[in-house]
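Taking it in order: structure first as structure tokens, then the write-up.
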Amino acid sequence: KLSDVVSDLKGFYVKTAQIISSRQDLFPKQYTDALSGFTDNLDPMPADLAKAVIVQELLNRDETFEDVFAEFDEKPLGAASVAQVHRAVLSEKYGGKEVAVKIQRPSIESKLLGDIANLKAISKAFQSVDALPLDYYTVMVELEKQLADEFDFVAEAVAMDRIYNSLSRSYDGTEATELPLVLPRPVAGLVSRRVLVMDYLKGVPLSRARDEMERRGIDPDS
């Protein structure tokens with residue numbers, strides 16, 4: 001099965017499967033359905049390892065894990081190729097609210113970028129072959145640029161704040177406006193390059209939104 005092959009190869013190939021599964025407008029349904037489990041249902045890293053990453057990335061030297069988190073669900077809400085997300089509750093010291101904790105898999109950056117480097121080298125050798133439908137070397141270069149941004153959660157937190165600020169102001173930026181939707185915000189002081197703590201919002205992943213709409217009697221195509 002295609003999904004089994006991707007699971008065995010891991011790394012960049014899992015990331016590619018995620019991209020394919022999310023683009024029903026470009027790829028046949030049998031492929032997007034077969035690869036849909038890679039969006040948020042990969043084998044998670046153990047909870048102890050996830051906590052160790054948090055301790056290394058976020059905690060001050062005089063803090064314990066319990067100083068920051070009053071609760072931490074060991075089973076993740078979802079696990080993808082780059083990171084997994086756990087529900088948690090902050091300690092009173094950090095505000096006591098319910099949060100989602102996004103934790104990057106150790107060494108995943110070097111693994112994914114190493115896979116792309118290999119594929120770039122291979123595709124460059126075939127760049128002049130007219131029989132190929134695409135310039136795959138250029139595709140790999142663009143994917144490399146896009147993936148590089150996914151490993152920096154500080155940049156992701158900045159983007160989250162930028163989106164919030166843009167939507168909460170009038171078009172000319174002079175007046176505060178009511179937000180048209182609910183947006184999660186990063187928690188100040190609990191963001192690093194490999195860990196991002198943000199507001200927890202209950203909902204359904206986009207990968208399962210169509211099924212949920214059908215379950216509720218809503219026509220997804222309406």
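If you're wondering about the labels, chains in the structure tokens are A, B, ... by order shown, residues count from 1 in each chain, ligands from 1 in order shown.
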Show me, as a PyMOL selection string, the residues that have an atom within 7 Å of range 192-198 of chain A when counting only C-alpha atoms, minus same-chain residues fewer than 3 positions from it. chain A and resi 54+57-58+99-104+152-154+184-187
If you run DSSP on this backbone, which residues of range 1-211 of chain A come out as helix (DSSP H, G or I), and could you give them as a ChimeraX atom specification? /A:2-9,12-21,29-34,36-38,47-57,65-68,92-94,108-125,136-150,153-167,206-211
Could you give me, as a ChimeraX atom specification, the residues within 10 Å of range 128-140 of chain A, counting only C-alpha atoms and dropping anything in the same chain fewer than 5 positions from it? /A:116-123,145-146
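Of note, CA of Glu212 in chain A and CA of Ser22 in chain A are spaced 16.2 Å apart.
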Between CA of Tyr31 in chain A and CA of Ala17 in chain A, what is the spacing in Å? 9.1 Å
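If you measure from each of A:Ala50, A:Leu113, A:Ile163, A:Val55 to His86 in chain A using only C-alpha atoms, the closest one turns out to be A:Ala50.
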Just the residues within 12 Å of Asp221 in chain A, please, counting only C-alpha atoms, with nothing from its chain fewer than 6 positions along; format it as a PyMOL selection string. chain A and resi 209-211+213-214
Expected file: the selected residues, all heavy atoms, as an mmCIF file, in the first residue's frame:
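Generated output (out_31.cif):
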data_model
loop_
_atom_site.group_PDB
_atom_site.id
_atom_site.type_symbol
_atom_site.label_atom_id
_atom_site.label_comp_id
_atom_site.auth_asym_id
_atom_site.auth_seq_id
_atom_site.Cartn_x
_atom_site.Cartn_y
_atom_site.Cartn_z
ATOM 1 N N ALA A 209 -12.996 17.782 8.450
ATOM 2 C CA ALA A 209 -14.126 18.724 8.458
ATOM 3 C C ALA A 209 -15.273 18.224 7.588
ATOM 4 O O ALA A 209 -16.449 18.338 7.965
ATOM 5 C CB ALA A 209 -13.661 20.094 7.986
ATOM 6 N N ARG A 210 -14.952 17.657 6.429
ATOM 7 C CA ARG A 210 -16.017 17.177 5.529
ATOM 8 C C ARG A 210 -16.818 16.065 6.187
ATOM 9 O O ARG A 210 -18.057 16.074 6.144
ATOM 10 C CB ARG A 210 -15.392 16.697 4.219
ATOM 11 C CG ARG A 210 -16.422 16.329 3.158
ATOM 12 C CD ARG A 210 -15.774 15.854 1.862
ATOM 13 N NE ARG A 210 -16.778 15.657 0.835
ATOM 14 C CZ ARG A 210 -17.186 16.588 -0.011
ATOM 15 N NH1 ARG A 210 -16.654 17.789 0.044
ATOM 16 N NH2 ARG A 210 -18.112 16.330 -0.931
ATOM 17 N N ASP A 211 -16.136 15.115 6.813
ATOM 18 C CA ASP A 211 -16.831 14.015 7.490
ATOM 19 C C ASP A 211 -17.711 14.532 8.626
ATOM 20 O O ASP A 211 -18.830 14.038 8.838
ATOM 21 C CB ASP A 211 -15.818 13.009 8.043
ATOM 22 C CG ASP A 211 -15.097 12.254 6.945
ATOM 23 O OD1 ASP A 211 -15.611 12.229 5.813
ATOM 24 O OD2 ASP A 211 -14.008 11.707 7.219
ATOM 25 N N MET A 213 -19.085 17.539 8.862
ATOM 26 C CA MET A 213 -20.244 18.226 8.286
ATOM 27 C C MET A 213 -21.313 17.219 7.850
ATOM 28 O O MET A 213 -22.507 17.416 8.101
ATOM 29 C CB MET A 213 -19.803 19.083 7.099
ATOM 30 C CG MET A 213 -18.953 20.281 7.485
ATOM 31 S SD MET A 213 -18.324 21.208 6.058
ATOM 32 C CE MET A 213 -19.846 21.974 5.479
ATOM 33 N N GLU A 214 -20.868 16.134 7.232
ATOM 34 C CA GLU A 214 -21.823 15.109 6.802
ATOM 35 C C GLU A 214 -22.487 14.457 8.004
ATOM 36 O O GLU A 214 -23.688 14.139 7.979
ATOM 37 C CB GLU A 214 -21.102 14.070 5.946
ATOM 38 C CG GLU A 214 -20.657 14.610 4.587
ATOM 39 C CD GLU A 214 -19.836 13.607 3.802
ATOM 40 O OE1 GLU A 214 -19.390 12.593 4.408
ATOM 41 O OE2 GLU A 214 -19.589 13.840 2.602
#
Find the residues near Leu35 in chain A: any atom within 7 Å, counting only C-alpha atoms, skip ones fewer than 5 places away on the same chain, and give them as a list in words. Ser3, Ala17, Gln18 and Ser21 of chain A
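As for CA of Pro46 in chain A and CA of Ala88 in chain A, they are spaced 15.9 Å apart.
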Near-Ser91 in chain A list (7 Å; only C-alpha atoms; drop same-chain fewer than 6 positions) as a list in words: Asp67, Val68, Phe69 and Ala70 of chain A
Give the strand (DSSP E) residues of chain A, as DSSP finds them on the backbone, and put them as a PyMOL selection string. chain A and resi 69-72+78-79+83-90+98-104+186-191+195-199
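Across A:Val53, A:Leu190, A:Met160, A:Leu59, the tightest approach to Arg105 in chain A is made by A:Val53 when counting only C-alpha atoms.
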